[in-house]
>>> print(open('work.pdb').read())   # PDB, C-alpha atoms
ATOM      1  CA  MET T1436       8.727  -6.468  10.420  1.00  0.00           C
ATOM      2  CA  SER T1437       7.043  -3.133   9.674  1.00  0.00           C
ATOM      3  CA  GLN T1438       9.295  -0.214   8.928  1.00  0.00           C
ATOM      4  CA  ARG T1439       8.000   3.305   9.572  1.00  0.00           C
ATOM      5  CA  MET T1440       9.425   6.161   7.536  1.00  0.00           C
ATOM      6  CA  PRO T1441       8.930   9.861   8.304  1.00  0.00           C
ATOM      7  CA  GLY T1442       6.319  11.890   6.455  1.00  0.00           C
ATOM      8  CA  ALA T1443       2.559  12.129   6.335  1.00  0.00           C
ATOM      9  CA  ASN T1444       1.930  10.458   2.964  1.00  0.00           C
ATOM     10  CA  HIS T1445       2.288   6.988   4.433  1.00  0.00           C
ATOM     11  CA  LEU T1446      -0.678   7.546   6.807  1.00  0.00           C
ATOM     12  CA  PRO T1447      -3.542   6.848   4.329  1.00  0.00           C
ATOM     13  CA  VAL T1448      -1.575   3.880   2.978  1.00  0.00           C
ATOM     14  CA  ARG T1449      -1.202   2.363   6.446  1.00  0.00           C
ATOM     15  CA  GLN T1450      -4.898   3.020   7.054  1.00  0.00           C
ATOM     16  CA  LEU T1451      -5.663   1.141   3.826  1.00  0.00           C
ATOM     17  CA  TYR T1452      -3.830  -1.983   4.981  1.00  0.00           C
ATOM     18  CA  GLU T1453      -4.761  -1.858   8.668  1.00  0.00           C
ATOM     19  CA  GLU T1454      -8.361  -0.621   8.578  1.00  0.00           C
ATOM     20  CA  LEU T1455      -9.828  -1.490   5.177  1.00  0.00           C
ATOM     21  CA  PHE T1456      -8.010  -4.683   4.238  1.00  0.00           C
ATOM     22  CA  THR T1457      -7.363  -6.245   7.650  1.00  0.00           C
ATOM     23  CA  ARG T1458     -10.348  -5.010   9.671  1.00  0.00           C
ATOM     24  CA  GLY T1459     -12.787  -4.781   6.750  1.00  0.00           C
ATOM     25  CA  ARG T1460     -13.739  -1.204   7.588  1.00  0.00           C
ATOM     26  CA  TYR T1461     -14.671  -0.229   4.034  1.00  0.00           C
ATOM     27  CA  GLU T1462     -16.810   2.642   5.340  1.00  0.00           C
ATOM     28  CA  LEU T1463     -13.478   4.514   5.651  1.00  0.00           C
ATOM     29  CA  THR T1464     -12.898   4.396   1.881  1.00  0.00           C
ATOM     30  CA  SER T1465     -13.714   8.089   1.379  1.00  0.00           C
ATOM     31  CA  GLN T1466     -11.252   9.038   4.136  1.00  0.00           C
ATOM     32  CA  VAL T1467      -8.430   7.067   2.520  1.00  0.00           C
ATOM     33  CA  PHE T1468      -9.044   7.608  -1.236  1.00  0.00           C
ATOM     34  CA  HIS T1469      -9.924  10.461  -3.544  1.00  0.00           C
ATOM     35  CA  GLY T1470     -13.260   9.618  -5.171  1.00  0.00           C
ATOM     36  CA  ASN T1471     -11.801   9.539  -8.695  1.00  0.00           C
ATOM     37  CA  CYS T1472      -8.842   7.330  -7.729  1.00  0.00           C
ATOM     38  CA  LEU T1473      -7.705   4.812 -10.339  1.00  0.00           C
ATOM     39  CA  VAL T1474      -6.342   1.467  -9.170  1.00  0.00           C
ATOM     40  CA  HIS T1475      -4.041  -0.586 -11.403  1.00  0.00           C
ATOM     41  CA  PHE T1476      -3.305  -4.312 -10.992  1.00  0.00           C
ATOM     42  CA  GLY T1477      -0.722  -5.217 -13.618  1.00  0.00           C
ATOM     43  CA  ASN T1478      -2.541  -4.508 -16.910  1.00  0.00           C
ATOM     44  CA  ARG T1479      -5.956  -4.092 -15.247  1.00  0.00           C
ATOM     45  CA  HIS T1480      -7.209  -0.568 -14.596  1.00  0.00           C
ATOM     46  CA  LEU T1481     -10.135  -0.208 -12.192  1.00  0.00           C
ATOM     47  CA  LYS T1482     -12.189   2.621 -10.861  1.00  0.00           C
ATOM     48  CA  LEU T1483     -12.119   2.900  -7.085  1.00  0.00           C
ATOM     49  CA  GLU T1484     -15.558   1.319  -6.632  1.00  0.00           C
ATOM     50  CA  GLU T1485     -14.534  -1.743  -8.670  1.00  0.00           C
ATOM     51  CA  ALA T1486     -11.295  -2.143  -6.720  1.00  0.00           C
ATOM     52  CA  VAL T1487     -13.131  -1.844  -3.390  1.00  0.00           C
ATOM     53  CA  ASN T1488     -15.662  -4.452  -4.531  1.00  0.00           C
ATOM     54  CA  GLU T1489     -12.807  -6.786  -5.462  1.00  0.00           C
ATOM     55  CA  GLY T1490     -11.324  -6.294  -1.987  1.00  0.00           C
ATOM     56  CA  LYS T1491     -14.675  -6.992  -0.361  1.00  0.00           C
ATOM     57  CA  GLY T1492     -15.009 -10.168  -2.426  1.00  0.00           C
ATOM     58  CA  TRP T1493     -11.646 -11.494  -1.238  1.00  0.00           C
ATOM     59  CA  ARG T1494     -12.517 -10.499   2.333  1.00  0.00           C
ATOM     60  CA  SER T1495     -15.727 -12.567   2.010  1.00  0.00           C
ATOM     61  CA  ALA T1496     -13.671 -15.469   0.684  1.00  0.00           C
ATOM     62  CA  ALA T1497     -11.167 -15.181   3.556  1.00  0.00           C
ATOM     63  CA  PRO T1498     -12.843 -13.558   6.583  1.00  0.00           C
ATOM     64  CA  ASN T1499      -9.603 -13.922   8.581  1.00  0.00           C
ATOM     65  CA  LEU T1500      -7.600 -11.969   5.969  1.00  0.00           C
ATOM     66  CA  VAL T1501      -4.688 -10.002   7.416  1.00  0.00           C
ATOM     67  CA  MET T1502      -2.582  -7.711   5.263  1.00  0.00           C
ATOM     68  CA  THR T1503       0.710  -6.559   6.707  1.00  0.00           C
ATOM     69  CA  VAL T1504       3.061  -3.838   5.552  1.00  0.00           C
ATOM     70  CA  ASP T1505       6.572  -5.337   5.446  1.00  0.00           C
ATOM     71  CA  GLN T1506       8.329  -2.174   4.231  1.00  0.00           C
ATOM     72  CA  ILE T1507       7.119   1.308   3.446  1.00  0.00           C
ATOM     73  CA  SER T1508       9.026   4.254   2.007  1.00  0.00           C
ATOM     74  CA  GLU T1509       8.112   7.661   0.749  1.00  0.00           C
ATOM     75  CA  THR T1510       9.585   9.807  -2.015  1.00  0.00           C
ATOM     76  CA  GLY T1511       7.672  13.031  -2.359  1.00  0.00           C
ATOM     77  CA  ASN T1512       4.019  12.155  -3.005  1.00  0.00           C
ATOM     78  CA  MET T1513       4.825   8.523  -3.892  1.00  0.00           C
ATOM     79  CA  VAL T1514       4.629   5.797  -1.257  1.00  0.00           C
ATOM     80  CA  GLN T1515       6.109   2.362  -1.995  1.00  0.00           C
ATOM     81  CA  VAL T1516       4.991  -0.679  -0.005  1.00  0.00           C
ATOM     82  CA  SER T1517       6.066  -4.304   0.203  1.00  0.00           C
ATOM     83  CA  TRP T1518       3.215  -6.258   1.765  1.00  0.00           C
ATOM     84  CA  ASN T1519       1.917  -9.708   2.510  1.00  0.00           C
ATOM     85  CA  ALA T1520      -1.616 -11.061   2.714  1.00  0.00           C
ATOM     86  CA  ARG T1521      -2.497 -14.194   4.628  1.00  0.00           C
ATOM     87  CA  GLY T1522      -5.711 -15.926   5.414  1.00  0.00           C
ATOM     88  CA  THR T1523      -7.740 -19.074   4.931  1.00  0.00           C
ATOM     89  CA  HIS T1524     -10.228 -19.531   2.105  1.00  0.00           C
ATOM     90  CA  THR T1525     -13.284 -20.476   4.186  1.00  0.00           C
ATOM     91  CA  GLY T1526     -15.962 -18.230   2.661  1.00  0.00           C
ATOM     92  CA  GLU T1527     -17.569 -17.577  -0.691  1.00  0.00           C
ATOM     93  CA  GLY T1528     -16.258 -14.729  -2.765  1.00  0.00           C
ATOM     94  CA  HIS T1529     -15.778 -14.094  -6.468  1.00  0.00           C
ATOM     95  CA  GLY T1530     -17.726 -17.267  -7.255  1.00  0.00           C
ATOM     96  CA  LEU T1531     -15.129 -19.632  -5.778  1.00  0.00           C
ATOM     97  CA  ARG T1532     -16.197 -22.404  -3.445  1.00  0.00           C
ATOM     98  CA  PRO T1533     -14.270 -22.428  -0.167  1.00  0.00           C
ATOM     99  CA  SER T1534     -11.142 -24.568  -0.477  1.00  0.00           C
ATOM    100  CA  ARG T1535     -10.326 -24.325   3.256  1.00  0.00           C
ATOM    101  CA  LYS T1536      -6.708 -23.740   2.200  1.00  0.00           C
ATOM    102  CA  PRO T1537      -4.449 -21.172   3.829  1.00  0.00           C
ATOM    103  CA  PHE T1538      -2.624 -18.710   1.596  1.00  0.00           C
ATOM    104  CA  LEU T1539       0.265 -16.281   1.859  1.00  0.00           C
ATOM    105  CA  VAL T1540       0.734 -13.833  -0.998  1.00  0.00           C
ATOM    106  CA  ARG T1541       3.431 -11.155  -1.153  1.00  0.00           C
ATOM    107  CA  GLY T1542       3.419  -8.109  -3.373  1.00  0.00           C
ATOM    108  CA  ASN T1543       4.501  -4.557  -4.005  1.00  0.00           C
ATOM    109  CA  SER T1544       2.365  -1.477  -4.501  1.00  0.00           C
ATOM    110  CA  ARG T1545       2.920   2.213  -5.195  1.00  0.00           C
ATOM    111  CA  PHE T1546       0.549   4.990  -4.207  1.00  0.00           C
ATOM    112  CA  LEU T1547       0.269   8.608  -5.302  1.00  0.00           C
ATOM    113  CA  VAL T1548      -0.911  10.566  -2.263  1.00  0.00           C
ATOM    114  CA  GLN T1549      -2.367  14.051  -2.694  1.00  0.00           C
ATOM    115  CA  ASN T1550      -3.866  16.175   0.081  1.00  0.00           C
ATOM    116  CA  GLY T1551      -3.724  13.292   2.549  1.00  0.00           C
ATOM    117  CA  LYS T1552      -5.588  10.771   0.360  1.00  0.00           C
ATOM    118  CA  ILE T1553      -4.593   8.127  -2.172  1.00  0.00           C
ATOM    119  CA  ALA T1554      -5.140   9.548  -5.672  1.00  0.00           C
ATOM    120  CA  GLU T1555      -3.831   6.575  -7.708  1.00  0.00           C
ATOM    121  CA  ALA T1556      -2.488   3.102  -6.940  1.00  0.00           C
ATOM    122  CA  TRP T1557      -0.314   0.626  -8.870  1.00  0.00           C
ATOM    123  CA  ASN T1558      -0.207  -2.995  -7.700  1.00  0.00           C
ATOM    124  CA  GLU T1559       1.432  -6.143  -8.909  1.00  0.00           C
ATOM    125  CA  GLU T1560      -1.126  -8.619 -10.224  1.00  0.00           C
ATOM    126  CA  TYR T1561      -1.680 -11.054  -7.360  1.00  0.00           C
ATOM    127  CA  ARG T1562      -4.577 -13.231  -8.536  1.00  0.00           C
ATOM    128  CA  PRO T1563      -2.681 -15.992 -10.392  1.00  0.00           C
ATOM    129  CA  GLU T1564      -0.549 -16.761  -7.318  1.00  0.00           C
ATOM    130  CA  LEU T1565      -3.539 -16.615  -4.985  1.00  0.00           C
ATOM    131  CA  LEU T1566      -5.570 -18.958  -7.198  1.00  0.00           C
ATOM    132  CA  ARG T1567      -2.617 -21.370  -7.397  1.00  0.00           C
ATOM    133  CA  GLN T1568      -2.384 -21.497  -3.607  1.00  0.00           C
ATOM    134  CA  LEU T1569      -6.138 -22.082  -3.339  1.00  0.00           C
ATOM    135  CA  GLY T1570      -5.775 -25.131  -5.565  1.00  0.00           C
ATOM    136  CA  VAL T1571      -7.618 -23.729  -8.572  1.00  0.00           C
ATOM    137  CA  SER T1572      -6.500 -25.628 -11.676  1.00  0.00           C
ATOM    138  CA  ARG T1573      -4.651 -23.680 -14.354  1.00  0.00           C
ATOM    139  CA  PRO T1574      -7.472 -23.994 -16.935  1.00  0.00           C
ATOM    140  CA  THR T1575     -10.083 -22.917 -14.377  1.00  0.00           C
ATOM    141  CA  ALA T1576      -7.882 -20.045 -13.175  1.00  0.00           C
ATOM    142  CA  PHE T1577      -7.349 -18.955 -16.785  1.00  0.00           C
ATOM    143  CA  MET T1578     -11.096 -18.962 -17.474  1.00  0.00           C
ATOM    144  CA  PHE T1579     -11.810 -17.180 -14.177  1.00  0.00           C
ATOM    145  CA  LEU T1580      -9.285 -14.422 -14.899  1.00  0.00           C
ATOM    146  CA  PHE T1581     -10.232 -14.192 -18.580  1.00  0.00           C
ATOM    147  CA  THR T1582     -13.918 -13.795 -17.704  1.00  0.00           C
ATOM    148  CA  LEU T1583     -13.237 -11.114 -15.085  1.00  0.00           C
ATOM    149  CA  ASN T1584     -10.935  -9.217 -17.442  1.00  0.00           C
ATOM    150  CA  LEU T1585     -13.405  -9.472 -20.319  1.00  0.00           C
ATOM    151  CA  TRP T1586     -16.259  -8.272 -18.115  1.00  0.00           C
ATOM    152  CA  SER T1587     -14.136  -5.316 -16.956  1.00  0.00           C
ATOM    153  CA  MET T1588     -13.306  -4.381 -20.560  1.00  0.00           C
ATOM    154  CA  VAL T1589     -16.929  -4.668 -21.744  1.00  0.00           C
ATOM    155  CA  LYS T1590     -18.191  -2.644 -18.804  1.00  0.00           C
ATOM    156  CA  GLY T1591     -15.567   0.037 -19.448  1.00  0.00           C
ATOM    157  CA  PHE T1592     -16.516   0.180 -23.119  1.00  0.00           C
ATOM    158  CA  VAL T1593     -20.234   0.456 -22.381  1.00  0.00           C
ATOM    159  CA  LEU T1594     -19.640   3.157 -19.778  1.00  0.00           C
ATOM    160  CA  SER T1595     -17.526   5.114 -22.277  1.00  0.00           C
ATOM    161  CA  LEU T1596     -20.532   5.245 -24.610  1.00  0.00           C
ATOM    162  CA  LEU T1597     -22.821   6.780 -22.004  1.00  0.00           C
ATOM    163  CA  PRO T1598     -23.172  10.579 -21.873  1.00  0.00           C
TER     164      PRO T1598
END
>>> encode(input="work.pdb", output="structure tokens")
Amino acid sequence: MSQRMPGANHLPVRQLYEELFTRGRYELTSQVFHGNCLVHFGNRHLKLEEAVNEGKGWRSAAPNLVMTVDQISETGNMVQVSWNARGTHTGEGHGLRPSRKPFLVRGNSRFLVQNGKIAEAWNEEYRPELLRQLGVSRPTAFMFLFTLNLWSMVKGFVLSLLP
């Protein structure tokens, strides 16, 4: 059951879950996030564009994806959320063949909200649990995650060398 707390900082966070994640309205990204927002998933640190592309990939993999806010609270500019994501893996996304399996993943996230937009986000790493529910073997999941993490590190290194 969703819990609504007073304050305006929860508004862009709710919009993130309801409009971007659930309805796939990624054209609203600039209304919800500051352009230089950093998004953290466990030890992974992504620029906003990379995080949005990851979200789009999972939405392609599960076109019926619904993300629900279970609890939301606000302390100053920080918004804490407990959420769940459910769907069925019927599409292609992130190079995984459709398994046709349903999934239900729960997690927690924190958001720094400044001037009505999300400036930074911290999320629990969700991919290992999602891959397990989709029936991806442990060795394949390890290679999948290792490759994505390596690519992210290499890309970050190369970009740091550019003027």
>>> closest_residue(input="work.pdb", among="T:Ser1465, T:Asn1488, T:Asn1471, T:Ser1495", to="Leu1531 in chain T", atoms="only C-alpha atoms")
T:Ser1495
>>> resolve_selection(input="work.pdb", expression="the PyMOL selection byres ((chain T and resi 1512-1519) around 10)", output="number ranges by chain")
T: 1437-1438, 1442-1449, 1452, 1501-1511, 1520-1521, 1539-1551, 1553-1558
>>> closest_residue(input="work.pdb", among="T:Phe1538, T:Arg1562, T:Gln1466, T:Lys1552", to="Gly1490 in chain T", atoms="all atoms listed in the file")
T:Arg1562
>>> resolve_selection(input="work.pdb", expression="the PyMOL selection byres ((chain T and resi 1478-1482) around 10)", output="PyMOL selection string")
chain T and resi 1470-1477+1483-1487+1489+1555-1560+1584+1587-1588+1591
>>> atom_distance(input="work.pdb", atom1="CA of Pro1563 in chain T", atom2="CA of His1469 in chain T")
28.3 Å
>>> atom_distance(input="work.pdb", atom1="CA of Leu1566 in chain T", atom2="CA of Phe1456 in chain T")
18.5 Å
>>> resolve_selection(input="work.pdb", expression="the PyMOL selection byres ((chain T and resi 1458) around 10)", output="count of residues only")
16
>>> atom_distance(input="work.pdb", atom1="CA of Gly1522 in chain T", atom2="CA of Glu1462 in chain T")
21.6 Å
>>> closest_residue(input="work.pdb", among="T:Gln1450, T:Thr1525, T:Ser1534, T:Thr1464", to="Gln1568 in chain T", atoms="all atoms listed in the file")
T:Ser1534
>>> closest_residue(input="work.pdb", among="T:Arg1535, T:Glu1527, T:Glu1564, T:Gly1570", to="Gly1492 in chain T", atoms="only C-alpha atoms")
T:Glu1527
>>> residues_around(input="work.pdb", residues="Ala1496 in chain T", least_positions_apart="5", cutoff="9 Å", atoms="all atoms listed in the file", output="JSON, numbers by chain")
{"T": [1491, 1523, 1524, 1525, 1526, 1527, 1528, 1529, 1531, 1532, 1533]}
>>> decode(input="work.pdb", residues="range 1498-1520 of chain T", atoms="N, CA and C atoms", output="PDB file, in the first residue's frame")
ATOM      1  N   PRO T1498       7.617  -5.274 -21.251  1.00  0.00           N
ATOM      2  CA  PRO T1498       6.737  -4.162 -21.623  1.00  0.00           C
ATOM      3  C   PRO T1498       5.590  -3.916 -20.632  1.00  0.00           C
ATOM      4  N   ASN T1499       5.253  -4.919 -19.833  1.00  0.00           N
ATOM      5  CA  ASN T1499       4.181  -4.746 -18.839  1.00  0.00           C
ATOM      6  C   ASN T1499       4.730  -4.353 -17.462  1.00  0.00           C
ATOM      7  N   LEU T1500       5.959  -3.871 -17.409  1.00  0.00           N
ATOM      8  CA  LEU T1500       6.599  -3.490 -16.153  1.00  0.00           C
ATOM      9  C   LEU T1500       5.762  -2.475 -15.384  1.00  0.00           C
ATOM     10  N   VAL T1501       5.559  -2.751 -14.106  1.00  0.00           N
ATOM     11  CA  VAL T1501       4.888  -1.814 -13.202  1.00  0.00           C
ATOM     12  C   VAL T1501       5.765  -1.678 -11.966  1.00  0.00           C
ATOM     13  N   MET T1502       6.113  -0.441 -11.648  1.00  0.00           N
ATOM     14  CA  MET T1502       6.876  -0.181 -10.427  1.00  0.00           C
ATOM     15  C   MET T1502       5.974   0.574  -9.471  1.00  0.00           C
ATOM     16  N   THR T1503       5.917   0.096  -8.248  1.00  0.00           N
ATOM     17  CA  THR T1503       5.015   0.638  -7.247  1.00  0.00           C
ATOM     18  C   THR T1503       5.805   1.114  -6.038  1.00  0.00           C
ATOM     19  N   VAL T1504       5.449   2.271  -5.547  1.00  0.00           N
ATOM     20  CA  VAL T1504       6.029   2.789  -4.311  1.00  0.00           C
ATOM     21  C   VAL T1504       5.271   2.150  -3.153  1.00  0.00           C
ATOM     22  N   ASP T1505       5.977   1.383  -2.315  1.00  0.00           N
ATOM     23  CA  ASP T1505       5.364   0.770  -1.138  1.00  0.00           C
ATOM     24  C   ASP T1505       5.356   1.742   0.036  1.00  0.00           C
ATOM     25  N   GLN T1506       6.470   2.424   0.241  1.00  0.00           N
ATOM     26  CA  GLN T1506       6.587   3.437   1.304  1.00  0.00           C
ATOM     27  C   GLN T1506       7.463   4.562   0.794  1.00  0.00           C
ATOM     28  N   ILE T1507       7.128   5.765   1.214  1.00  0.00           N
ATOM     29  CA  ILE T1507       7.937   6.925   0.848  1.00  0.00           C
ATOM     30  C   ILE T1507       7.990   7.850   2.060  1.00  0.00           C
ATOM     31  N   SER T1508       9.183   8.366   2.341  1.00  0.00           N
ATOM     32  CA  SER T1508       9.330   9.326   3.433  1.00  0.00           C
ATOM     33  C   SER T1508      10.352  10.377   3.016  1.00  0.00           C
ATOM     34  N   GLU T1509      10.277  11.481   3.677  1.00  0.00           N
ATOM     35  CA  GLU T1509      11.084  12.633   3.325  1.00  0.00           C
ATOM     36  C   GLU T1509      11.749  13.193   4.576  1.00  0.00           C
ATOM     37  N   THR T1510      13.039  13.451   4.489  1.00  0.00           N
ATOM     38  CA  THR T1510      13.765  14.140   5.553  1.00  0.00           C
ATOM     39  C   THR T1510      14.578  15.228   4.876  1.00  0.00           C
ATOM     40  N   GLY T1511      14.109  16.449   4.997  1.00  0.00           N
ATOM     41  CA  GLY T1511      14.777  17.543   4.302  1.00  0.00           C
ATOM     42  C   GLY T1511      14.707  17.319   2.804  1.00  0.00           C
ATOM     43  N   ASN T1512      15.881  17.363   2.145  1.00  0.00           N
ATOM     44  CA  ASN T1512      15.949  17.156   0.695  1.00  0.00           C
ATOM     45  C   ASN T1512      16.113  15.692   0.296  1.00  0.00           C
ATOM     46  N   MET T1513      16.125  14.787   1.281  1.00  0.00           N
ATOM     47  CA  MET T1513      16.289  13.358   0.987  1.00  0.00           C
ATOM     48  C   MET T1513      14.926  12.668   1.030  1.00  0.00           C
ATOM     49  N   VAL T1514      14.686  11.854   0.008  1.00  0.00           N
ATOM     50  CA  VAL T1514      13.453  11.072  -0.078  1.00  0.00           C
ATOM     51  C   VAL T1514      13.855   9.597  -0.103  1.00  0.00           C
ATOM     52  N   GLN T1515      13.283   8.815   0.810  1.00  0.00           N
ATOM     53  CA  GLN T1515      13.552   7.383   0.882  1.00  0.00           C
ATOM     54  C   GLN T1515      12.321   6.641   0.375  1.00  0.00           C
ATOM     55  N   VAL T1516      12.565   5.602  -0.439  1.00  0.00           N
ATOM     56  CA  VAL T1516      11.472   4.843  -1.036  1.00  0.00           C
ATOM     57  C   VAL T1516      11.746   3.354  -0.907  1.00  0.00           C
ATOM     58  N   SER T1517      10.715   2.620  -0.505  1.00  0.00           N
ATOM     59  CA  SER T1517      10.695   1.157  -0.648  1.00  0.00           C
ATOM     60  C   SER T1517       9.765   0.903  -1.826  1.00  0.00           C
ATOM     61  N   TRP T1518      10.199   0.085  -2.769  1.00  0.00           N
ATOM     62  CA  TRP T1518       9.451  -0.112  -4.000  1.00  0.00           C
ATOM     63  C   TRP T1518       9.416  -1.575  -4.396  1.00  0.00           C
ATOM     64  N   ASN T1519       8.545  -1.873  -5.349  1.00  0.00           N
ATOM     65  CA  ASN T1519       8.578  -3.191  -5.972  1.00  0.00           C
ATOM     66  C   ASN T1519       8.391  -3.014  -7.473  1.00  0.00           C
ATOM     67  N   ALA T1520       8.957  -3.943  -8.215  1.00  0.00           N
ATOM     68  CA  ALA T1520       8.846  -3.950  -9.675  1.00  0.00           C
ATOM     69  C   ALA T1520       8.353  -5.331 -10.077  1.00  0.00           C
TER      70      ALA T1520
END
